[in-house]
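Coordinates as given in target26.cif (mmCIF, C-alpha atoms):
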```cif
data_protein
#
loop_
_atom_site.label_atom_id
_atom_site.label_comp_id
_atom_site.auth_asym_id
_atom_site.auth_seq_id
_atom_site.Cartn_x
_atom_site.Cartn_y
_atom_site.Cartn_z
CA MET A 282 -16.05 -11.37 10.07
CA THR A 283 -14.04 -14.54 10.54
CA THR A 284 -10.32 -13.98 10.25
CA LYS A 285 -7.36 -14.77 12.44
CA TYR A 286 -7.60 -11.16 13.60
CA ALA A 287 -11.26 -11.35 14.69
CA PRO A 288 -10.45 -11.80 18.41
CA LEU A 289 -8.50 -8.51 18.35
CA LEU A 290 -11.23 -6.52 16.65
CA ASP A 291 -13.50 -5.71 19.55
CA ALA A 292 -15.39 -2.42 19.70
CA VAL A 293 -12.59 -0.57 21.51
CA ASN A 294 -9.88 -1.69 19.09
CA LEU A 295 -12.08 -0.82 16.10
CA ARG A 296 -12.51 2.67 17.56
CA LEU A 297 -8.74 2.93 18.07
CA LEU A 298 -8.14 1.88 14.45
CA SER A 299 -10.64 4.47 13.25
CA LEU A 300 -8.92 7.21 15.24
CA LEU A 301 -5.44 6.16 14.11
CA GLU A 302 -6.52 6.07 10.46
CA LYS A 303 -7.61 9.70 10.77
CA ASN A 304 -4.49 10.75 12.67
CA PRO A 305 -1.65 8.18 13.01
CA ARG A 306 0.28 10.67 15.15
CA MET A 307 -2.44 11.02 17.80
CA PRO A 308 -0.86 10.74 21.26
CA MET A 309 -1.79 7.71 23.37
CA SER A 310 -3.24 10.03 26.02
CA GLU A 311 -5.65 11.52 23.49
CA LEU A 312 -6.59 8.08 22.13
CA ALA A 313 -7.26 7.01 25.71
CA ARG A 314 -9.59 9.97 26.28
CA HIS A 315 -11.55 9.11 23.13
CA VAL A 316 -12.15 5.51 24.18
CA GLY A 317 -12.52 6.09 27.93
CA MET A 318 -9.52 4.04 29.04
CA SER A 319 -6.18 4.71 30.68
CA SER A 320 -3.21 5.63 28.54
CA PRO A 321 -1.23 2.48 29.54
CA ALA A 322 -4.20 0.26 28.62
CA VAL A 323 -4.52 1.93 25.21
CA THR A 324 -0.75 1.71 24.66
CA GLU A 325 -0.94 -2.03 25.37
CA ARG A 326 -3.88 -2.48 22.97
CA VAL A 327 -2.11 -0.58 20.17
CA ALA A 328 1.06 -2.61 20.77
CA ARG A 329 -0.95 -5.86 20.45
CA LEU A 330 -2.50 -4.60 17.20
CA GLU A 331 0.98 -3.84 15.87
CA GLU A 332 2.53 -7.13 17.02
CA SER A 333 -0.31 -9.18 15.52
CA GLY A 334 0.00 -7.43 12.15
CA VAL A 335 -3.40 -5.69 12.20
CA ILE A 336 -1.49 -2.40 12.18
CA ARG A 337 1.31 -2.91 9.67
CA GLY A 338 3.04 0.40 10.02
CA TYR A 339 2.75 4.13 9.95
CA ARG A 340 3.58 5.98 6.77
CA VAL A 341 4.25 9.49 5.66
CA ASP A 342 2.22 10.33 2.56
CA VAL A 343 4.56 12.49 0.47
CA ASP A 344 3.27 14.04 -2.75
CA PRO A 345 5.27 12.32 -5.53
CA ALA A 346 5.18 15.51 -7.61
CA ALA A 347 7.03 17.31 -4.80
CA LEU A 348 9.86 14.80 -5.28
CA GLY A 349 9.88 15.30 -9.06
CA TYR A 350 7.62 12.37 -10.02
CA PRO A 351 4.43 13.97 -11.38
CA LEU A 352 3.40 11.02 -13.59
CA ILE A 353 2.04 7.62 -12.59
CA ALA A 354 1.87 4.62 -14.91
CA PHE A 355 0.56 1.12 -14.49
CA VAL A 356 2.61 -1.40 -16.41
CA ARG A 357 1.26 -4.86 -17.10
CA VAL A 358 3.86 -7.51 -17.89
CA ARG A 359 3.26 -10.74 -19.76
CA PRO A 360 6.38 -12.79 -18.97
CA MET A 361 8.16 -15.12 -21.33
CA MET A 362 8.16 -18.75 -20.31
CA GLY A 363 10.20 -19.20 -17.13
CA ARG A 364 10.79 -15.46 -16.57
CA LEU A 365 8.12 -14.61 -13.99
CA ALA A 366 10.51 -14.62 -11.02
CA LYS A 367 12.98 -12.45 -12.93
CA ILE A 368 10.30 -9.78 -13.46
CA ALA A 369 9.74 -9.46 -9.71
CA GLU A 370 13.50 -9.33 -9.18
CA VAL A 371 13.92 -6.51 -11.72
CA ALA A 372 10.94 -4.62 -10.28
CA ALA A 373 12.52 -4.72 -6.82
CA GLN A 374 15.67 -3.07 -8.23
CA ILE A 375 13.86 -0.07 -9.75
CA PRO A 376 13.12 2.62 -7.14
CA GLU A 377 10.35 4.18 -9.26
CA VAL A 378 8.38 0.90 -9.04
CA THR A 379 6.40 1.34 -5.82
CA GLU A 380 4.08 -1.65 -6.18
CA CYS A 381 4.38 -5.04 -7.85
CA HIS A 382 1.45 -7.45 -7.87
CA ARG A 383 1.17 -10.95 -9.30
CA VAL A 384 -2.27 -11.24 -10.85
CA THR A 385 -4.43 -13.67 -12.79
CA GLY A 386 -4.78 -13.49 -16.56
CA GLU A 387 -2.34 -13.31 -19.44
CA ASP A 388 -0.51 -10.38 -17.87
CA CYS A 389 0.88 -11.99 -14.75
CA VAL A 390 2.31 -8.85 -13.13
CA ILE A 391 1.05 -5.30 -12.62
CA LEU A 392 3.48 -2.57 -11.57
CA LYS A 393 2.80 0.93 -10.29
CA VAL A 394 5.54 3.23 -11.52
CA TYR A 395 6.21 6.90 -10.75
CA LEU A 396 7.91 8.89 -13.51
CA ARG A 397 9.70 12.21 -13.82
CA ASP A 398 8.44 12.57 -17.41
CA VAL A 399 7.10 10.43 -20.24
CA SER A 400 10.56 9.96 -21.74
CA SER A 401 11.79 8.27 -18.53
CA LEU A 402 9.26 5.50 -19.15
CA ASP A 403 11.55 3.99 -21.81
CA ARG A 404 14.32 3.40 -19.28
CA VAL A 405 11.93 1.53 -16.98
CA LEU A 406 10.28 -0.52 -19.72
CA ASP A 407 13.61 -1.49 -21.25
CA ARG A 408 14.49 -3.32 -18.04
CA PHE A 409 11.48 -5.63 -18.51
CA LEU A 410 11.53 -6.21 -22.26
CA ALA A 411 14.18 -8.94 -22.03
CA HIS A 412 11.77 -10.91 -19.82
CA GLY A 413 8.34 -10.26 -21.30
CA GLN A 414 5.91 -8.03 -23.14
CA THR A 415 4.69 -4.81 -21.48
CA THR A 416 1.49 -2.80 -21.78
CA THR A 417 1.44 0.64 -20.18
CA SER A 418 -1.36 2.91 -19.02
CA ILE A 419 -0.49 6.43 -17.91
CA VAL A 420 -2.73 7.84 -15.19
CA GLN A 421 -4.57 10.98 -16.29
CA SER A 422 -6.32 11.63 -12.97
CA SER A 423 -7.29 9.84 -9.78
CA PRO A 424 -10.91 10.69 -8.97
CA VAL A 425 -10.85 8.36 -5.93
CA PRO A 426 -7.67 8.93 -3.95
CA PRO A 427 -6.08 6.10 -1.95
CA ARG A 428 -8.10 5.37 1.16
CA SER A 429 -8.41 2.87 3.94
CA LEU A 430 -10.82 -0.03 3.81
CA PRO A 431 -14.02 0.41 5.80
CA LEU A 432 -13.78 -0.95 9.31
CA PRO A 433 -16.42 -3.44 10.44
CA LYS A 434 -19.36 -1.80 12.20
CA LYS A 435 -19.09 -4.13 15.17
CA ALA A 436 -16.91 -6.99 16.25
CA SER A 437 -18.34 -10.46 15.89
#
```
Render the structure in this file as structure tokens.
Amino acid sequence: MTTKYAPLLDAVNLRLLSLLEKNPRMPMSELARHVGMSSPAVTERVARLEESGVIRGYRVDVDPAALGYPLIAFVRVRPMMGRLAKIAEVAAQIPEVTECHRVTGEDCVILKVYLRDVSSLDRVLDRFLAHGQTTTSIVQSSPVPPRSLPLPKKAS
């Protein structure tokens, strides 16, 4: 593993990351017990991981259906000439768009959109049609739920 983060990814920090992925709310004292270090030393290590960008934040995973958004759609957008930047701008203004990725291929942008119902899809798509052509796929099921990437087995 050769990245700018490699110096931070020693065996102790990899263990801390593993523990935090399982329980981001684990107290520093408990993390310290798991890795055999003092709580201040672990607090300092976690702070360095956060400051360096290895740990990018802690999130609450709320069920979208509980908020009234039971449907997920992926929308691919093929922008008109000169409209690529406008698509990202519009996506940023729509709260139901939770992800926007610029990708290779004819469809330059892929959006992840949460919907209250199928009829609300029109309102979202209409915002993009002035800037490009859309293709939509509605998610039927998610057999592999979102998960973290595997951590390296050992630091190099």
Give as a ChimeraX atom specification the residues that the PyMOL selection byres ((chain A and resi 333-340) around 9) matches when applied to the coordinates above. /A:286,289,298,305-306,327-332,341-342
When the PyMOL selection byres ((chain A and resi 294) around 12) is applied to the structure above, which residues does it catch, written out as a count of residues only? 37
To one decimal place in Å, what is the distance between CA of Phe355 (chain A) and CA of Arg397 (chain A)? 14.4 Å
Sphere at (-5.2, 11.3, -8.6), radius 12 Å, counting all atoms listed in the file: residues as a VMD selection string: chain A and resid 344 to 346 351 to 354 419 to 428
So that I have them on file, write out the residues from the current selection with C-alpha atoms, as a PDB file, in the frame of the given file.
```pdb
ATOM      1  CA  ASP A 344       3.270  14.040  -2.750  1.00  0.00           C
ATOM      2  CA  PRO A 345       5.270  12.320  -5.530  1.00  0.00           C
ATOM      3  CA  ALA A 346       5.180  15.510  -7.610  1.00  0.00           C
ATOM      4  CA  PRO A 351       4.430  13.970 -11.380  1.00  0.00           C
ATOM      5  CA  LEU A 352       3.400  11.020 -13.590  1.00  0.00           C
ATOM      6  CA  ILE A 353       2.040   7.620 -12.590  1.00  0.00           C
ATOM      7  CA  ALA A 354       1.870   4.620 -14.910  1.00  0.00           C
ATOM      8  CA  ILE A 419      -0.490   6.430 -17.910  1.00  0.00           C
ATOM      9  CA  VAL A 420      -2.730   7.840 -15.190  1.00  0.00           C
ATOM     10  CA  GLN A 421      -4.570  10.980 -16.290  1.00  0.00           C
ATOM     11  CA  SER A 422      -6.320  11.630 -12.970  1.00  0.00           C
ATOM     12  CA  SER A 423      -7.290   9.840  -9.780  1.00  0.00           C
ATOM     13  CA  PRO A 424     -10.910  10.690  -8.970  1.00  0.00           C
ATOM     14  CA  VAL A 425     -10.850   8.360  -5.930  1.00  0.00           C
ATOM     15  CA  PRO A 426      -7.670   8.930  -3.950  1.00  0.00           C
ATOM     16  CA  PRO A 427      -6.080   6.100  -1.950  1.00  0.00           C
ATOM     17  CA  ARG A 428      -8.100   5.370   1.160  1.00  0.00           C
TER      18      ARG A 428
END
```
If I take CA of Glu302 (chain A) and CA of Val394 (chain A), how far is one from the other in Å, to one decimal?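 One can read the CA of Glu302 (chain A) to CA of Val394 (chain A) distance as 25.2 Å.
By chain and then residue number, the residues within 6 Å of Met361 (chain A) are Arg364, His412 and Gly413 of chain A, counting all atoms listed in the file and disregarding those fewer than 2 positions away in sequence.
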From the set A:Ser320, A:Ser429, A:Ser310, A:Gln414, which residue has the shortest atom-to-atom contact distance to Val390 (chain A), counting all atoms listed in the file? A:Gln414
Carefully work through the PyMOL selection byres ((chain A and resi 386) around 12) for this structure and note down the residues it includes, as an mmCIF file with C-alpha atoms, in the frame of the given file.
```
data_model
loop_
_atom_site.group_PDB
_atom_site.id
_atom_site.type_symbol
_atom_site.label_atom_id
_atom_site.label_comp_id
_atom_site.auth_asym_id
_atom_site.auth_seq_id
_atom_site.Cartn_x
_atom_site.Cartn_y
_atom_site.Cartn_z
ATOM 1 C CA ARG A 357 1.260 -4.860 -17.100
ATOM 2 C CA VAL A 358 3.860 -7.510 -17.890
ATOM 3 C CA ARG A 359 3.260 -10.740 -19.760
ATOM 4 C CA PRO A 360 6.380 -12.790 -18.970
ATOM 5 C CA ARG A 383 1.170 -10.950 -9.300
ATOM 6 C CA VAL A 384 -2.270 -11.240 -10.850
ATOM 7 C CA THR A 385 -4.430 -13.670 -12.790
ATOM 8 C CA GLU A 387 -2.340 -13.310 -19.440
ATOM 9 C CA ASP A 388 -0.510 -10.380 -17.870
ATOM 10 C CA CYS A 389 0.880 -11.990 -14.750
ATOM 11 C CA VAL A 390 2.310 -8.850 -13.130
ATOM 12 C CA ILE A 391 1.050 -5.300 -12.620
#
```
Could you state the separation of CA of Ile368 (chain A) and CA of Val405 (chain A) in Å, given to one decimal place?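 So the two atoms, CA of Ile368 (chain A) and CA of Val405 (chain A), lie 12.0 Å apart.
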Identify which of the residues A:Ala373, A:Thr379, A:Met309, A:Tyr350 lies closest to Val399 (chain A), counting only C-alpha atoms when measuring atom-to-atom distances.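 So, comparing all the options, the nearest one is A:Tyr350.
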With all atoms of region 331-334 of chain A from the file as input, state the centre and edge lengths in Å to one decimal of the axis-aligned box that has 4 Å extra on each side, as JSON.
```
{"center_x": 1.1, "center_y": -6.5, "center_z": 14.6, "size_x": 10.8, "size_y": 13.3, "size_z": 12.9}
```
I need the residue nearest Val371 (chain A) from this list: A:Arg314, A:Arg408, A:Lys285, A:Lys393. Use all atoms listed in the file for the distance.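 Checking each candidate against Val371 (chain A), we get A:Arg408 as the closest.
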Any chance you could build region 348-360 of chain A out to N, CA, C and O atoms and write it as a CSV table (one decimal), keeping the file's coordinate frame?
```csv
chain,number,residue,atom,x,y,z
A,348,LEU,N,8.5,15.4,-5.2
A,348,LEU,CA,9.9,14.8,-5.3
A,348,LEU,C,10.3,14.7,-6.7
A,348,LEU,O,11.3,14.1,-7.0
A,349,GLY,N,9.5,15.3,-7.6
A,349,GLY,CA,9.9,15.3,-9.1
A,349,GLY,C,9.3,14.1,-9.9
A,349,GLY,O,9.8,13.8,-10.9
A,350,TYR,N,8.3,13.5,-9.3
A,350,TYR,CA,7.6,12.4,-10.0
A,350,TYR,C,6.1,12.7,-10.2
A,350,TYR,O,5.3,12.1,-9.6
A,351,PRO,N,5.8,13.6,-11.2
A,351,PRO,CA,4.4,14.0,-11.4
A,351,PRO,C,3.6,13.0,-12.1
A,351,PRO,O,2.3,13.1,-12.1
A,352,LEU,N,4.2,12.0,-12.8
A,352,LEU,CA,3.4,11.0,-13.6
A,352,LEU,C,3.4,9.6,-12.9
A,352,LEU,O,4.3,9.2,-12.4
A,353,ILE,N,2.2,9.0,-13.1
A,353,ILE,CA,2.0,7.6,-12.6
A,353,ILE,C,1.7,6.8,-13.8
A,353,ILE,O,0.8,7.2,-14.6
A,354,ALA,N,2.2,5.6,-13.9
A,354,ALA,CA,1.9,4.6,-14.9
A,354,ALA,C,1.7,3.3,-14.3
A,354,ALA,O,2.3,2.9,-13.3
A,355,PHE,N,0.7,2.5,-14.8
A,355,PHE,CA,0.6,1.1,-14.5
A,355,PHE,C,1.1,0.3,-15.7
A,355,PHE,O,0.7,0.6,-16.8
A,356,VAL,N,2.0,-0.6,-15.4
A,356,VAL,CA,2.6,-1.4,-16.4
A,356,VAL,C,2.2,-2.9,-16.2
A,356,VAL,O,2.4,-3.4,-15.1
A,357,ARG,N,1.6,-3.4,-17.2
A,357,ARG,CA,1.3,-4.9,-17.1
A,357,ARG,C,2.4,-5.6,-17.8
A,357,ARG,O,2.8,-5.2,-18.9
A,358,VAL,N,2.8,-6.7,-17.3
A,358,VAL,CA,3.9,-7.5,-17.9
A,358,VAL,C,3.4,-8.9,-18.1
A,358,VAL,O,2.9,-9.6,-17.2
A,359,ARG,N,3.5,-9.4,-19.4
A,359,ARG,CA,3.3,-10.7,-19.8
A,359,ARG,C,4.6,-11.4,-19.9
A,359,ARG,O,5.3,-11.2,-20.9
A,360,PRO,N,5.0,-12.2,-18.9
A,360,PRO,CA,6.4,-12.8,-19.0
A,360,PRO,C,6.6,-13.9,-20.0
A,360,PRO,O,5.6,-14.6,-20.4
```
